[in-house]
Amino acid sequence: MKTYKNFIDGKWTSSCSKKTFCSLNPATERPIGSFQDSSKEDLDLAVTSAEEALSSWTDTPAPKRAEILFKIVELLKKDKERLAKIEVIEMGKVYKEAAGDIQEAIDIFEYMAGEGRRLFGHTTPSELKNKFNATIRIPVGVVGIITPWNFPIAIPSWKLAPALICGNTIIFKPSSYTPLCGIELIKILNEAGLPKGVVNLLTGSGERIGNPIIKHPKIKGISFTGSVETGKFIRKNAELKKVGLELGGKNAIIIMEDANLDLALEGVLWGAFGTTGQRCTAASRVIIHEKVAKTFEKMLVNKTKKLKLGSGIMHNTDIGPLINKSAVEKVDYYVNLGINEGAKLLYGGKPGKIKGFFYCPTIFSNVKPDMRIAQEEIFGPVVSIIKIKDINEAINVCNNIKYGLSSSIYTENMAYAFKAINKIEAGITYVNASTIGAEIHLPFGGVKKTGSSREAGWAGIEEFSEEKTIYIDYSGKLQKAQGIE
Ligand code: UN1
């Protein structure tokens with residue numbers, strides 16, 4: 001089995017800890033490689049390198065930095081198939097979704113490369129004569145990027161691409177369930193010609209290497225996607241660092257009585273069972289008008305029965321494995337909880353019969369909005385159907401959760417659609433589309449316990465830069481603002 005290394009100061013290096021850990025293929029439960037179990041000492045070396053690289057990277061004109069990002073786009077395109085296969089093997093999602101993940105990385109690097117010739121600030125008039133006012137963007141400094149396993153190439157790219165174009169240098173810790181994907185991405189960044197120290201990669205656990213990144217006094221910004229618990233820990237321990245957090249969801253699809261049910265069905269299947277339900281944006285609740293609930297439930301069960309579990313590498317697989325054994329146990333725990341809470345198990349509700357971390361797609365009906373299966377993030381292929389009587393109740397139920405990431409409504413009625421757009425407490429609302437599939441050039445993020453940050457698109461530039469205000473007085477005399485003589 002191959003041992004992979006950290007990337008510090010432009011070199012592939014073993015950890016000072018001399019310890020390693022394994023990453024498993026979730027479809028076979030077999031290890032795919034061993035990785036550095038990094039320590040605080042490794043982090044200090046990486047931070048020193050990132051600090052040394054900072055001023056020359058920041059001084060490199062943004063359009064020149066962009067040339068490297070365009071090169072990354074080219075290399076990712078060339079390598080798309082190979083990277084997607086690695087992602088299937090390490091993370092488990094089905095091949096066509098893994099290819100989508102790589103495409104998301106290509107798209108964000110391309111968008112951010114374009115930003116090299118924008119990175120807009122503002123100009124605005126002064127209240128005084130012969131004075132010029134504007135803002136420019138400056139980098140945050142050395143930033144820490146800590147990413148999850150569910151989009152192991154795309155989510156790091158959402159953060160790396162804007163961080164790079166804004167002139168930051170980076171300490172990147174991929175999830176310890178998908179270190180190989182992180183390493184493959186950094187290999188490409190390196191091949192594209194990033195100067196040494198601009199990006200440093202450390203593999204290892206949240207506890208041993210994530211925590212010191214969060215607390216490191218020389219790291220000025222943290223961008224994190226993952227659990228609410230870790231998000232809270234970051235808020236407490238990152239002190240005055242600039243922090244971006246994306247912390248999950250309990251997203252709903254509302255289906256009104258006038259909805260096109262065939263369309264809604266496709267949306268629910270894709271939102272609830274795509275990526276085996278392991279998206280922060282997954283649709284884990286269906287809030288449906290009582291007039292159409294029965295018909296829809298039948299349609300959903302019929303289609304779900306046809307979904308095939310299996311390795312993501314096989315072309316006929318619909319649903320890949322969960323990430324690990326504890327994910328299977330967690331999903332199973334929630335399924336039993338749902339039964340005990342009095343929900344009706346319509347379909348599924350058990351682990352897959354094949355080897356690997358599989359779980360059958362699962363549908364609950366008669367779910368009450370306050371049941372824990374309708375409140376807590378399960379992160380697996382489980383969907384809860386909740387009946388409602390009208391649009392107001394639908395929106396109340398939709399908002400009756402601690403999260404606020406994605407949401408969706410299926411209706412042909414403009415008034416319902418706009419009510420949903422205006423009243424749902426979420427960072428994203430789709431109309432007649434599922435809760436998943438955000439595009440990279442728009443802001444992504446949520447409200448409430450999802451974390452209230454935004455990333456990607458122009459929000460990515462805001463996340464990884466500071467806006468500096470410039471006043472230039474060319475009057476040749478002391479002028480005082482606010483009318484002071
Ligand atoms: C996530 O699960 O954290 O909108 C990200 C989507 C994907 C990204 C999901 N583009 O579903």
# chains A, B, ... in the order shown; residues from 1 in each chain; ligands from 1
$ residues_near_ligand --ligand "ligand 1" --cutoff "6 Å" --atoms "only C-alpha atoms and all ligand atoms" --output "list of chain:residue names"
A:Arg279, A:Cys280, A:Thr281, A:Ile436, A:Gly437, A:Ala438
$ residues_around --residues "Gly348 (chain A)" --least-positions-apart "2" --cutoff "6 Å" --atoms "only C-alpha atoms" --output "short mmCIF file (atom, residue, chain, number, x, y, z; two decimals) with C-alpha atoms, in the first residue's frame"
data_model
loop_
_atom_site.label_atom_id
_atom_site.label_comp_id
_atom_site.auth_asym_id
_atom_site.auth_seq_id
_atom_site.Cartn_x
_atom_site.Cartn_y
_atom_site.Cartn_z
CA LYS A 350 -32.10 -1.28 6.51
CA CYS A 360 -31.20 1.24 1.36
CA PRO A 361 -33.00 4.40 0.29
CA THR A 362 -35.59 5.00 3.00
#
$ atom_distance --atom1 "CA of Ser223 (chain A)" --atom2 "CA of Ala113 (chain A)"
19.6 Å
$ residues_around --residues "Tyr177 (chain A)" --least-positions-apart "2" --cutoff "10 Å" --atoms "only C-alpha atoms" --output "compact mmCIF listing (two decimals) with N, CA and C atoms, in the first residue's frame"
# COMPACT_ATOMS: atom_id res chain seq x y z
N PHE A 21 -2.15 7.14 8.97
CA PHE A 21 -3.48 6.55 9.10
C PHE A 21 -3.94 6.11 7.71
N CYS A 22 -5.01 5.32 7.64
CA CYS A 22 -5.48 4.80 6.35
C CYS A 22 -6.77 5.46 5.91
N SER A 23 -6.96 5.50 4.61
CA SER A 23 -8.25 5.91 4.06
C SER A 23 -8.84 4.66 3.40
N LEU A 24 -10.16 4.44 3.59
CA LEU A 24 -10.79 3.22 3.08
C LEU A 24 -11.66 3.49 1.86
N ASN A 25 -11.77 2.50 1.01
CA ASN A 25 -12.77 2.52 -0.06
C ASN A 25 -14.11 2.10 0.58
N PRO A 26 -15.10 2.99 0.63
CA PRO A 26 -16.33 2.65 1.36
C PRO A 26 -17.18 1.57 0.68
N GLU A 90 -12.41 6.62 -3.29
CA GLU A 90 -12.16 7.07 -1.92
C GLU A 90 -13.42 7.55 -1.19
N MET A 91 -14.32 8.22 -1.94
CA MET A 91 -15.49 8.81 -1.28
C MET A 91 -16.74 7.97 -1.49
N PRO A 148 -14.67 19.03 4.07
CA PRO A 148 -15.30 17.74 4.34
C PRO A 148 -15.03 16.72 3.23
N TRP A 149 -15.55 15.52 3.44
CA TRP A 149 -15.29 14.42 2.51
C TRP A 149 -16.34 14.31 1.42
N ASN A 150 -17.49 15.01 1.56
CA ASN A 150 -18.60 14.70 0.64
C ASN A 150 -18.43 15.30 -0.75
N PRO A 152 -15.02 16.11 -2.12
CA PRO A 152 -13.63 16.20 -1.70
C PRO A 152 -12.71 16.94 -2.68
N PRO A 174 -7.50 18.54 4.17
CA PRO A 174 -8.67 17.82 3.66
C PRO A 174 -9.21 16.89 4.74
N SER A 175 -10.43 16.43 4.58
CA SER A 175 -11.02 15.48 5.52
C SER A 175 -10.13 14.24 5.63
N PRO A 179 -8.29 11.99 2.15
CA PRO A 179 -7.01 12.71 1.98
C PRO A 179 -6.45 12.59 0.56
N LEU A 180 -6.69 11.44 -0.09
CA LEU A 180 -6.10 11.24 -1.42
C LEU A 180 -6.66 12.26 -2.41
N CYS A 181 -7.95 12.52 -2.34
CA CYS A 181 -8.54 13.53 -3.24
C CYS A 181 -7.85 14.88 -3.03
N THR A 203 -2.34 16.37 6.09
CA THR A 203 -3.43 15.42 6.32
C THR A 203 -3.46 15.05 7.80
N GLY A 204 -4.63 14.61 8.26
CA GLY A 204 -4.73 14.17 9.65
C GLY A 204 -6.09 14.48 10.23
N SER A 205 -6.23 14.20 11.50
CA SER A 205 -7.55 14.32 12.13
C SER A 205 -7.84 15.76 12.51
N ILE A 323 -20.18 6.95 3.69
CA ILE A 323 -18.73 7.15 3.77
C ILE A 323 -18.03 6.14 4.67
N ASN A 324 -18.68 5.70 5.76
CA ASN A 324 -18.00 4.76 6.66
C ASN A 324 -19.02 4.02 7.53
$ closest_residue --among "A:Ser407, A:Asn366, A:Thr317, A:Ser176" --to "Ser434 (chain A)" --atoms "only C-alpha atoms"
A:Ser407
$ closest_residue --among "A:Ile461, A:Leu185, A:Ala374, A:Lys85" --to "Val73 (chain A)" --atoms "only C-alpha atoms"
A:Leu185
$ select_by_dssp --residues "region 245-362 of chain A" --states "helix (DSSP H, G or I)" --output "PyMOL selection string"
chain A and resi 261-277+290-305+325-341
$ write_last_selection --atoms "N, CA and C atoms" --output "tab-separated table (two decimals), in the first residue's frame"
chain	number	residue	atom	x	y	z
A	261	LEU	N	-46.46	16.80	-10.50
A	261	LEU	CA	-45.95	15.76	-9.60
A	261	LEU	C	-44.83	14.93	-10.21
A	262	ASP	N	-44.86	14.77	-11.54
A	262	ASP	CA	-43.77	14.01	-12.17
A	262	ASP	C	-42.45	14.75	-12.00
A	263	LEU	N	-42.53	16.05	-12.17
A	263	LEU	CA	-41.33	16.89	-12.02
A	263	LEU	C	-40.86	16.86	-10.57
A	264	ALA	N	-41.81	17.00	-9.64
A	264	ALA	CA	-41.47	16.99	-8.22
A	264	ALA	C	-40.85	15.65	-7.82
A	265	LEU	N	-41.35	14.58	-8.41
A	265	LEU	CA	-40.83	13.25	-8.11
A	265	LEU	C	-39.35	13.16	-8.48
A	266	GLU	N	-39.01	13.62	-9.68
A	266	GLU	CA	-37.60	13.60	-10.09
A	266	GLU	C	-36.76	14.42	-9.12
A	267	GLY	N	-37.30	15.56	-8.71
A	267	GLY	CA	-36.59	16.45	-7.78
A	267	GLY	C	-36.36	15.80	-6.43
A	268	VAL	N	-37.36	15.08	-5.93
A	268	VAL	CA	-37.22	14.43	-4.62
A	268	VAL	C	-36.21	13.29	-4.71
A	269	LEU	N	-36.30	12.49	-5.76
A	269	LEU	CA	-35.36	11.37	-5.90
A	269	LEU	C	-33.92	11.87	-5.96
A	270	TRP	N	-33.72	12.91	-6.74
A	270	TRP	CA	-32.36	13.46	-6.90
A	270	TRP	C	-31.90	14.12	-5.61
A	271	GLY	N	-32.77	14.89	-4.98
A	271	GLY	CA	-32.39	15.63	-3.78
A	271	GLY	C	-32.21	14.73	-2.56
A	272	ALA	N	-33.04	13.70	-2.45
A	272	ALA	CA	-32.99	12.86	-1.24
A	272	ALA	C	-31.94	11.76	-1.36
A	273	PHE	N	-31.81	11.19	-2.55
A	273	PHE	CA	-30.95	10.00	-2.68
A	273	PHE	C	-29.68	10.22	-3.50
A	274	GLY	N	-29.60	11.35	-4.22
A	274	GLY	CA	-28.35	11.69	-4.91
A	274	GLY	C	-27.24	11.79	-3.88
A	275	THR	N	-26.03	11.36	-4.26
A	275	THR	CA	-24.87	11.35	-3.34
A	275	THR	C	-25.24	10.60	-2.03
A	276	THR	N	-26.17	9.65	-2.16
A	276	THR	CA	-26.62	8.83	-1.02
A	276	THR	C	-27.08	9.73	0.14
A	277	GLY	N	-27.62	10.87	-0.22
A	277	GLY	CA	-28.13	11.79	0.82
A	277	GLY	C	-27.04	12.53	1.57
A	290	GLU	N	-51.84	17.90	1.50
A	290	GLU	CA	-52.56	16.65	1.82
A	290	GLU	C	-53.36	16.11	0.63
A	291	LYS	N	-53.79	17.02	-0.28
A	291	LYS	CA	-54.59	16.56	-1.43
A	291	LYS	C	-53.80	15.65	-2.37
A	292	VAL	N	-52.50	15.85	-2.44
A	292	VAL	CA	-51.72	15.06	-3.40
A	292	VAL	C	-50.75	14.08	-2.73
A	293	ALA	N	-50.78	14.06	-1.38
A	293	ALA	CA	-49.77	13.29	-0.65
A	293	ALA	C	-49.81	11.79	-0.98
A	294	LYS	N	-51.00	11.22	-0.98
A	294	LYS	CA	-51.11	9.77	-1.17
A	294	LYS	C	-50.58	9.36	-2.54
A	295	THR	N	-51.05	10.09	-3.56
A	295	THR	CA	-50.61	9.79	-4.92
A	295	THR	C	-49.09	9.90	-5.01
A	296	PHE	N	-48.56	10.96	-4.43
A	296	PHE	CA	-47.11	11.19	-4.53
A	296	PHE	C	-46.33	10.10	-3.81
A	297	GLU	N	-46.80	9.72	-2.64
A	297	GLU	CA	-46.10	8.66	-1.88
A	297	GLU	C	-45.99	7.39	-2.72
A	298	LYS	N	-47.08	7.04	-3.39
A	298	LYS	CA	-47.06	5.82	-4.23
A	298	LYS	C	-46.04	5.96	-5.34
A	299	MET	N	-46.07	7.12	-5.99
A	299	MET	CA	-45.12	7.36	-7.09
A	299	MET	C	-43.68	7.26	-6.59
A	300	LEU	N	-43.43	7.82	-5.41
A	300	LEU	CA	-42.06	7.84	-4.87
A	300	LEU	C	-41.59	6.43	-4.52
A	301	VAL	N	-42.46	5.66	-3.87
A	301	VAL	CA	-42.07	4.30	-3.50
A	301	VAL	C	-41.79	3.47	-4.76
A	302	ASN	N	-42.65	3.60	-5.77
A	302	ASN	CA	-42.45	2.83	-7.01
A	302	ASN	C	-41.11	3.10	-7.66
A	303	LYS	N	-40.75	4.37	-7.72
A	303	LYS	CA	-39.47	4.73	-8.36
A	303	LYS	C	-38.29	4.32	-7.48
A	304	THR	N	-38.45	4.50	-6.17
A	304	THR	CA	-37.34	4.21	-5.26
A	304	THR	C	-36.99	2.71	-5.30
A	305	LYS	N	-38.03	1.89	-5.44
A	305	LYS	CA	-37.82	0.43	-5.52
A	305	LYS	C	-36.85	0.06	-6.64
A	325	LYS	N	-18.48	3.15	8.38
A	325	LYS	CA	-19.34	2.31	9.20
A	325	LYS	C	-20.18	3.15	10.16
A	326	SER	N	-19.56	4.17	10.74
A	326	SER	CA	-20.35	4.93	11.72
A	326	SER	C	-21.47	5.70	11.03
A	327	ALA	N	-21.31	6.03	9.74
A	327	ALA	CA	-22.42	6.67	9.01
A	327	ALA	C	-23.58	5.69	8.86
A	328	VAL	N	-23.26	4.41	8.59
A	328	VAL	CA	-24.32	3.40	8.47
A	328	VAL	C	-25.03	3.27	9.81
A	329	GLU	N	-24.25	3.25	10.88
A	329	GLU	CA	-24.86	3.12	12.22
A	329	GLU	C	-25.73	4.33	12.55
A	330	LYS	N	-25.25	5.50	12.16
A	330	LYS	CA	-26.02	6.73	12.45
A	330	LYS	C	-27.36	6.71	11.69
A	331	VAL	N	-27.31	6.33	10.41
A	331	VAL	CA	-28.54	6.29	9.62
A	331	VAL	C	-29.50	5.27	10.22
A	332	ASP	N	-28.95	4.11	10.59
A	332	ASP	CA	-29.79	3.06	11.16
A	332	ASP	C	-30.40	3.51	12.50
A	333	TYR	N	-29.62	4.24	13.27
A	333	TYR	CA	-30.12	4.77	14.54
A	333	TYR	C	-31.34	5.68	14.27
A	334	TYR	N	-31.21	6.56	13.28
A	334	TYR	CA	-32.32	7.48	12.99
A	334	TYR	C	-33.54	6.75	12.44
A	335	VAL	N	-33.29	5.70	11.66
A	335	VAL	CA	-34.42	4.94	11.12
A	335	VAL	C	-35.21	4.29	12.27
A	336	ASN	N	-34.49	3.69	13.21
A	336	ASN	CA	-35.18	3.08	14.36
A	336	ASN	C	-35.87	4.14	15.20
A	337	LEU	N	-35.21	5.27	15.33
A	337	LEU	CA	-35.81	6.37	16.08
A	337	LEU	C	-37.12	6.82	15.42
A	338	GLY	N	-37.11	6.93	14.10
A	338	GLY	CA	-38.31	7.35	13.37
A	338	GLY	C	-39.46	6.38	13.61
A	339	ILE	N	-39.13	5.09	13.59
A	339	ILE	CA	-40.17	4.08	13.84
A	339	ILE	C	-40.71	4.26	15.26
A	340	ASN	N	-39.80	4.42	16.21
A	340	ASN	CA	-40.23	4.60	17.62
A	340	ASN	C	-41.01	5.89	17.84
A	341	GLU	N	-40.69	6.89	17.04
A	341	GLU	CA	-41.40	8.17	17.18
A	341	GLU	C	-42.81	8.10	16.58
$ closest_residue --among "A:Ile214, A:Leu201, A:Ala417, A:Leu478" --to "Glu239 (chain A)" --atoms "only C-alpha atoms"
A:Ile214
$ atom_distance --atom1 "CA of Gly356 (chain A)" --atom2 "CA of Gly310 (chain A)"
8.7 Å
$ closest_atom_pairs --of "region 386-459 of chain A" --to "region 250-253 of chain A" --cutoff "10 Å" --atoms "only C-alpha atoms" --output "tab-separated table"
residue	atom	partner	partner_atom	distance
A:Ile386	CA	A:Ala252	CA	9.9
A:Ala394	CA	A:Ile253	CA	9.7
A:Ile395	CA	A:Ala252	CA	9.8
A:Val397	CA	A:Ala252	CA	9.1
A:Cys398	CA	A:Ala252	CA	6.2
A:Asn399	CA	A:Ala252	CA	9.2
A:Ile401	CA	A:Lys250	CA	7.3
A:Lys402	CA	A:Lys250	CA	8.2
A:Tyr403	CA	A:Lys250	CA	6.1
A:Gly404	CA	A:Lys250	CA	7.4
A:Leu405	CA	A:Asn251	CA	6.7
A:Ser406	CA	A:Asn251	CA	5.4
A:Ser407	CA	A:Ala252	CA	5.2
A:Ser408	CA	A:Ile253	CA	4.6
A:Ile409	CA	A:Ile253	CA	5.6
A:Tyr410	CA	A:Ile253	CA	7.4
A:Ala426	CA	A:Asn251	CA	8.8
A:Ile428	CA	A:Asn251	CA	9.8
A:Thr429	CA	A:Ile253	CA	9.6
A:Tyr430	CA	A:Ile253	CA	8.9
A:Val431	CA	A:Ile253	CA	9.5
A:Asn432	CA	A:Ile253	CA	9.4
A:Ala433	CA	A:Ile253	CA	8.9
A:Ser434	CA	A:Ile253	CA	7.1
A:Thr435	CA	A:Ile253	CA	7.0
A:Ile436	CA	A:Asn251	CA	9.5
A:Thr450	CA	A:Lys250	CA	9.4
$ closest_residue --among "A:Ile313, A:Ile153, A:Ile484, A:Val47" --to "Phe109 (chain A)" --atoms "only C-alpha atoms"
A:Ile153
$ residues_around --residues "Lys131 (chain A)" --least-positions-apart "3" --cutoff "7 Å" --atoms "only C-alpha atoms" --output "list in words"
Ser126, Leu128, Ile472, Asp473, Tyr474 and Ser475 of chain A
$ residues_around --residues "Phe172 (chain A)" --least-positions-apart "3" --cutoff "9 Å" --atoms "only C-alpha atoms" --output "ChimeraX atom specification"
/A:143-147,156,160,182,199-203
$ atom_distance --atom1 "CA of Ala283 (chain A)" --atom2 "CA of Arg82 (chain A)"
29.4 Å
